[in-house]
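Participant: Please read through the structure below; I'll follow up with questions.
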Amino acid sequence: MIKTSLSALLLVVCTSGVWAQNTPVGTWHSIDDKTQEIKSEIVIADNGGVLSGKVVKLLRKEAKQDAVCDQCTDDRKDKPVLGLEIIRGAQKAEGKDVWEGGKILDPENGKAYTLRLTPIEAGKKLEVRGSVFGIGRTQTWVRVMN
């Protein structure tokens, strides 16, 4: 009886880590669409059910560490890309492992897009879709394992 209970507890503990990872919350590497090179490291946080994400590292070889968002038109105008909040306002869709309703900023062109975040491969990767009027693109980010 004790052995069965211990086995069940061990199963719950081992699988709970997998379920906890099926969320956009965490640290991610964004990947360049053209070169497949890692561009940056982004940390996504949950603030009372609303997600936000910031650039914490610029990882491309040619990245300017002091770059600013000079193309931005909102409160992020001329702010450093390093530390810049690029994800705002996403919330979990009811009954689905999808977070939407927020915006994602492309600091290279200063444009904000409607956002949808979908964890895939048991949360090891994240489909990040930015769109305007339904037209957009999807990137796949890779979770940084610590």
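Ligands are numbered from 1 in the order shown, residues from 1 within each chain, and chains are lettered A, B, ... in the order they appear in the structure tokens.
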DSSP on the backbone, then: every residue of stretch 75-127 of chain A marked strand (DSSP E), written as a ChimeraX atom specification.

Facilitator: /A:85-92,99-106,111-120,125-127

Participant: Identify which of the residues A:Ala93, A:Leu126, A:Leu59, A:Leu105 lies closest to A:Gln139, counting only C-alpha atoms when measuring atom-to-atom distances.

Facilitator: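 Using only C-alpha atoms, A:Gln139 sits closest to A:Leu126.
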
Participant: Of the residues A:Thr138, A:Ile86, A:Met145, A:Val68, which is the one nearest to A:Asp33, using only C-alpha atoms?

Facilitator: A:Thr138

Participant: Under the rule that only C-alpha atoms are counted, which of A:Leu84, A:Val50, A:Val142, A:Val132 is the nearest residue to A:Trp28?

Facilitator: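 The answer is A:Val142, which sits nearest to A:Trp28.
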
Participant: Take atom CA of A:Leu51 and atom CA of A:Phe133 and report the distance between them in Å, one decimal.

Facilitator: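 Atom-to-atom, atom CA of A:Leu51 and atom CA of A:Phe133 are spaced 21.8 Å apart.
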
Participant: Considering only C-alpha atoms, state which residue in the set A:Pro119, A:Gly49, A:Pro80, A:Gly134 is at the smallest distance from A:Thr23.

Facilitator: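 Of all the options, A:Pro119 lies closest to A:Thr23.
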
Participant: May I have all residues of chain A that DSSP, computed from the backbone, assigns to alpha helix (DSSP H), given as an MDAnalysis selection string?

Facilitator: chainID A and resid 2:20

Participant: I want to know what sits within 8 Å of A:Val56, based on only C-alpha atoms, with residues of the same chain fewer than 3 positions away left out; could you give that as a list in words?

Facilitator: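 Using only C-alpha atoms, the neighbours found are Ser40, Glu41, Ile42, Val43, Leu82, Gly83 and Leu84 of chain A.
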
Participant: Write the residues of the preceding selection, restricted to C-alpha atoms, as a PDB file, in the first residue's frame.

Facilitator:
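Output file result_7.pdb is given in full below:
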```
ATOM      1  CA  SER A  40      17.453  37.602 -28.187  1.00  0.00           C
ATOM      2  CA  GLU A  41      16.397  36.276 -24.841  1.00  0.00           C
ATOM      3  CA  ILE A  42      12.945  37.270 -23.632  1.00  0.00           C
ATOM      4  CA  VAL A  43      11.437  36.747 -20.190  1.00  0.00           C
ATOM      5  CA  LEU A  82      17.607  45.820 -23.790  1.00  0.00           C
ATOM      6  CA  GLY A  83      14.971  45.750 -21.044  1.00  0.00           C
ATOM      7  CA  LEU A  84      12.183  46.826 -23.423  1.00  0.00           C
TER       8      LEU A  84
END
```

Participant: When distances are computed from only C-alpha atoms, which of A:Ile31, A:Val81, A:Asn22, A:Ala67 shows the smallest separation from A:Ala122?

Facilitator: A:Asn22

Participant: When you draw a straight line from atom CA of A:Ser30 to atom CA of A:Asp78, how long is it in Å?

Facilitator: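 It comes out at 21.8 Å.
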